[in-house]
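See below for entry_11.cif, which holds mmCIF, C-alpha atoms.
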```cif
data_run
loop_
_atom_site.label_atom_id
_atom_site.label_comp_id
_atom_site.auth_asym_id
_atom_site.auth_seq_id
_atom_site.Cartn_x
_atom_site.Cartn_y
_atom_site.Cartn_z
CA MET A 1 -15.45 16.34 -7.33
CA VAL A 2 -14.18 12.82 -6.72
CA THR A 3 -10.87 11.23 -5.86
CA CYS A 4 -8.83 9.68 -8.66
CA THR A 5 -9.59 6.16 -7.38
CA ALA A 6 -13.30 6.53 -6.55
CA ASP A 7 -15.35 3.79 -8.21
CA PRO A 8 -19.15 3.66 -7.86
CA ASP A 9 -19.16 -0.08 -8.65
CA ALA A 10 -16.46 -1.09 -6.14
CA LYS A 11 -16.82 -1.71 -2.42
CA ASN A 12 -13.94 -1.33 0.00
CA SER A 13 -13.44 -3.86 2.80
CA ALA A 14 -11.12 -3.73 5.80
CA TYR A 15 -8.91 -6.54 7.02
CA ALA A 16 -9.12 -7.93 10.56
CA GLY A 17 -12.65 -6.67 11.17
CA GLY A 18 -11.76 -3.00 10.68
CA SER A 19 -14.17 -0.48 9.25
CA THR A 20 -14.14 1.39 5.98
CA LYS A 21 -16.48 3.03 3.52
CA GLY A 22 -16.67 3.85 -0.17
CA GLY A 23 -15.22 2.04 -3.11
CA ASP A 24 -11.93 2.45 -4.94
CA SER A 25 -10.25 0.92 -7.99
CA ALA A 26 -8.21 1.77 -11.08
CA TRP A 27 -11.46 2.25 -13.00
CA ARG A 28 -10.66 5.92 -13.77
CA MET A 29 -7.19 5.10 -15.13
CA ARG A 30 -7.43 5.17 -18.91
CA VAL A 31 -3.97 3.71 -19.50
CA PRO A 32 -2.26 0.61 -18.16
CA ALA A 33 -0.02 0.98 -15.14
CA PHE A 34 3.59 -0.21 -15.33
CA SER A 35 2.54 -3.32 -13.40
CA ASP A 36 -0.21 -4.08 -15.95
CA GLU A 37 2.33 -3.94 -18.77
CA LEU A 38 4.76 -6.06 -16.78
CA ARG A 39 2.10 -8.73 -16.28
CA PHE A 40 1.14 -8.58 -19.95
CA GLN A 41 4.71 -8.95 -21.22
CA SER A 42 5.42 -11.84 -18.84
CA GLY A 43 2.32 -13.72 -19.96
CA GLY A 44 0.74 -13.27 -16.54
CA ALA A 45 3.68 -14.82 -14.69
CA THR A 46 4.37 -11.65 -12.70
CA ARG A 47 2.66 -11.24 -9.33
CA VAL A 48 1.71 -7.70 -8.34
CA VAL A 49 1.16 -6.80 -4.68
CA THR A 50 1.06 -3.21 -3.44
CA PHE A 51 0.91 -1.64 0.02
CA SER A 52 0.66 2.06 0.71
CA LEU A 53 -0.69 4.53 3.21
CA LYS A 54 -2.97 5.97 0.52
CA ALA A 55 -5.42 4.33 -1.88
CA ARG A 56 -4.26 6.51 -4.76
CA ALA A 57 -0.67 5.25 -4.42
CA SER A 58 -1.50 1.57 -3.90
CA ILE A 59 -4.07 1.44 -6.70
CA THR A 60 -2.11 3.38 -9.31
CA MET A 61 0.97 1.22 -8.64
CA GLY A 62 -1.08 -1.98 -8.77
CA GLY A 63 -3.01 -0.98 -11.85
CA HIS A 64 -6.05 -2.80 -13.19
CA LYS A 65 -4.98 -6.40 -12.63
CA ALA A 66 -2.96 -6.54 -9.40
CA ASP A 67 -3.06 -9.67 -7.27
CA ALA A 68 -3.41 -7.64 -4.08
CA VAL A 69 -3.85 -3.93 -3.42
CA THR A 70 -3.86 -2.75 0.18
CA TRP A 71 -3.79 0.68 1.79
CA PHE A 72 -4.27 2.24 5.22
CA ASP A 73 -7.48 4.15 5.88
CA ASN A 74 -9.04 5.32 9.14
CA GLY A 75 -6.95 2.96 11.28
CA SER A 76 -7.48 -0.14 9.13
CA TRP A 77 -5.71 -1.92 6.28
CA VAL A 78 -8.17 -1.84 3.38
CA THR A 79 -8.66 -3.40 -0.04
CA SER A 80 -11.36 -3.21 -2.70
CA SER A 81 -13.80 -5.66 -4.24
CA SER A 82 -11.98 -4.95 -7.52
CA TYR A 83 -8.97 -6.83 -6.18
CA GLY A 84 -10.37 -9.07 -3.44
CA SER A 85 -8.92 -9.86 -0.05
CA LEU A 86 -6.22 -12.40 0.69
CA SER A 87 -6.17 -14.57 3.81
CA PHE A 88 -2.44 -14.15 4.45
CA ILE A 89 -2.87 -10.37 4.65
CA ASP A 90 -5.78 -10.78 7.06
CA ASP A 91 -3.70 -13.16 9.20
CA PHE A 92 -0.77 -10.73 9.24
CA VAL A 93 -2.95 -7.73 10.15
CA LYS A 94 -4.54 -9.70 13.00
CA ALA A 95 -1.13 -10.81 14.30
CA HIS A 96 0.41 -7.32 14.02
CA PRO A 97 -2.24 -4.70 14.87
CA VAL A 98 -1.28 -1.14 14.03
CA LYS A 99 -2.31 0.04 17.50
CA SER A 100 0.51 -2.01 19.02
CA ASP A 101 3.01 0.40 17.43
CA LEU A 102 1.43 3.63 18.63
CA GLY A 103 3.84 5.67 20.72
CA LYS A 104 6.91 3.73 19.61
CA SER A 105 9.96 5.37 18.07
CA TRP A 106 11.68 4.06 14.98
CA GLU A 107 15.21 2.88 15.60
CA LEU A 108 17.84 1.18 13.47
CA PHE A 109 17.61 -2.62 13.45
CA LEU A 110 21.35 -3.19 12.92
CA PRO A 111 24.38 -1.31 14.28
CA GLN A 112 24.99 2.02 12.48
CA SER A 113 28.18 0.61 10.88
CA SER A 114 26.09 -1.99 9.01
CA TYR A 115 24.41 0.65 6.84
CA LEU A 116 25.84 2.19 3.68
CA TYR A 117 24.52 5.67 4.48
CA ASP A 118 24.19 7.43 7.80
CA GLN A 119 20.92 8.83 9.12
CA LYS A 120 21.85 12.28 7.90
CA ALA A 121 21.50 11.28 4.24
CA THR A 122 19.27 13.48 2.09
CA GLY A 123 15.66 12.63 2.80
CA ALA A 124 16.39 10.63 5.94
CA VAL A 125 15.78 13.56 8.27
CA ALA A 126 13.66 16.68 7.98
CA PRO A 127 15.48 19.74 6.59
CA GLN A 128 16.53 22.50 9.00
CA GLY A 129 13.52 24.64 9.82
CA GLY A 130 11.20 22.18 8.05
CA ASN A 131 8.07 20.57 9.42
#
```

Written as structure tokens, that's how I'd like the structure from this file.
Amino acid sequence: MVTCTADPDAKNSAYAGGSTKGGDSAWRMRVPAFSDELRFQSGGATRVVTFSLKARASITMGGHKADAVTWFDNGSWVTSSSYGSLSFIDDFVKAHPVKSDLGKSWELFLPQSSYLYDQKATGAVAPQGGN
């Protein structure tokens, strides 16, 4: 058994000196992703950059030809040799380490009245009795 993004010819690398293992890409996808088609129909003028907490989400959104594909793995932001790393992402990760947010609570940036929906909107809070 393998994950849907496992690629024996790819090598993952972590930004900001983090650690990672394995290799992931869109190699197992047998069809183009939406982003691949978008790039094709725009003659390559479209830039595709994805960020996700999981490789499978970032890679399947980015497709085969994304400019940057980044996901979070074992405490590090990671990319693959199939996409390459970008210096601006490395700079951002170094300037904003994930560990600096541990223990913090999320709070609204603007006053509540500035938002169209309140925090009780569907999906904004866990359902009663839910985990």

| task | One decimal, Å: what's the distance from CA of Val49 (chain A) over to CA of Ser76 (chain A), could you say? | result |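 Between CA of Val49 (chain A) and CA of Ser76 (chain A) the gap works out to 17.6 Å.
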
| field | Long-range neighbours of Lys65 (chain A) as a VMD selection string, 12 Å cut-off, all atoms listed in the file, 2 positions minimum in chain | value | chain A and resid 25 to 27 29 32 to 40 44 46 to 50 59 to 63 67 to 69 82 to 84

| Skipping near chain neighbours, those fewer than 2 positions away, what residues fall within 6 Å of Asn12 (chain A) using all atoms listed in the file, listed as an MDAnalysis selection string? | chainID A and resid 22:23 79:80

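Restricting the calculation to all atoms listed in the file, the smallest distance between Phe51 (chain A) and any of A:Met1, A:Val31, A:Val78, A:Leu108 is found for A:Val78.
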
Report the centre and edge lengths, in Å to one decimal, of an axis-aligned box enclosing every atom of region 3-7 of chain A listed in the file, padded by 3 Å on each side, as JSON.
```
{"center_x": -12.1, "center_y": 7.5, "center_z": -7.3, "size_x": 12.5, "size_y": 13.4, "size_z": 8.8}
```

| request: Please measure the separation of CA of Asp9 (chain A) and CA of Ala57 (chain A), giving the value in Å to one decimal. | output: 19.7 Å

| remark: Nearest to Val98 (chain A), restricted to only C-alpha atoms and choosing among A:Ser42, A:Ser13, A:Asn74, A:Thr5, comes out as A:Asn74

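Pairwise distance (CA of Arg30 (chain A), CA of Ala55 (chain A)) equals 17.2 Å.
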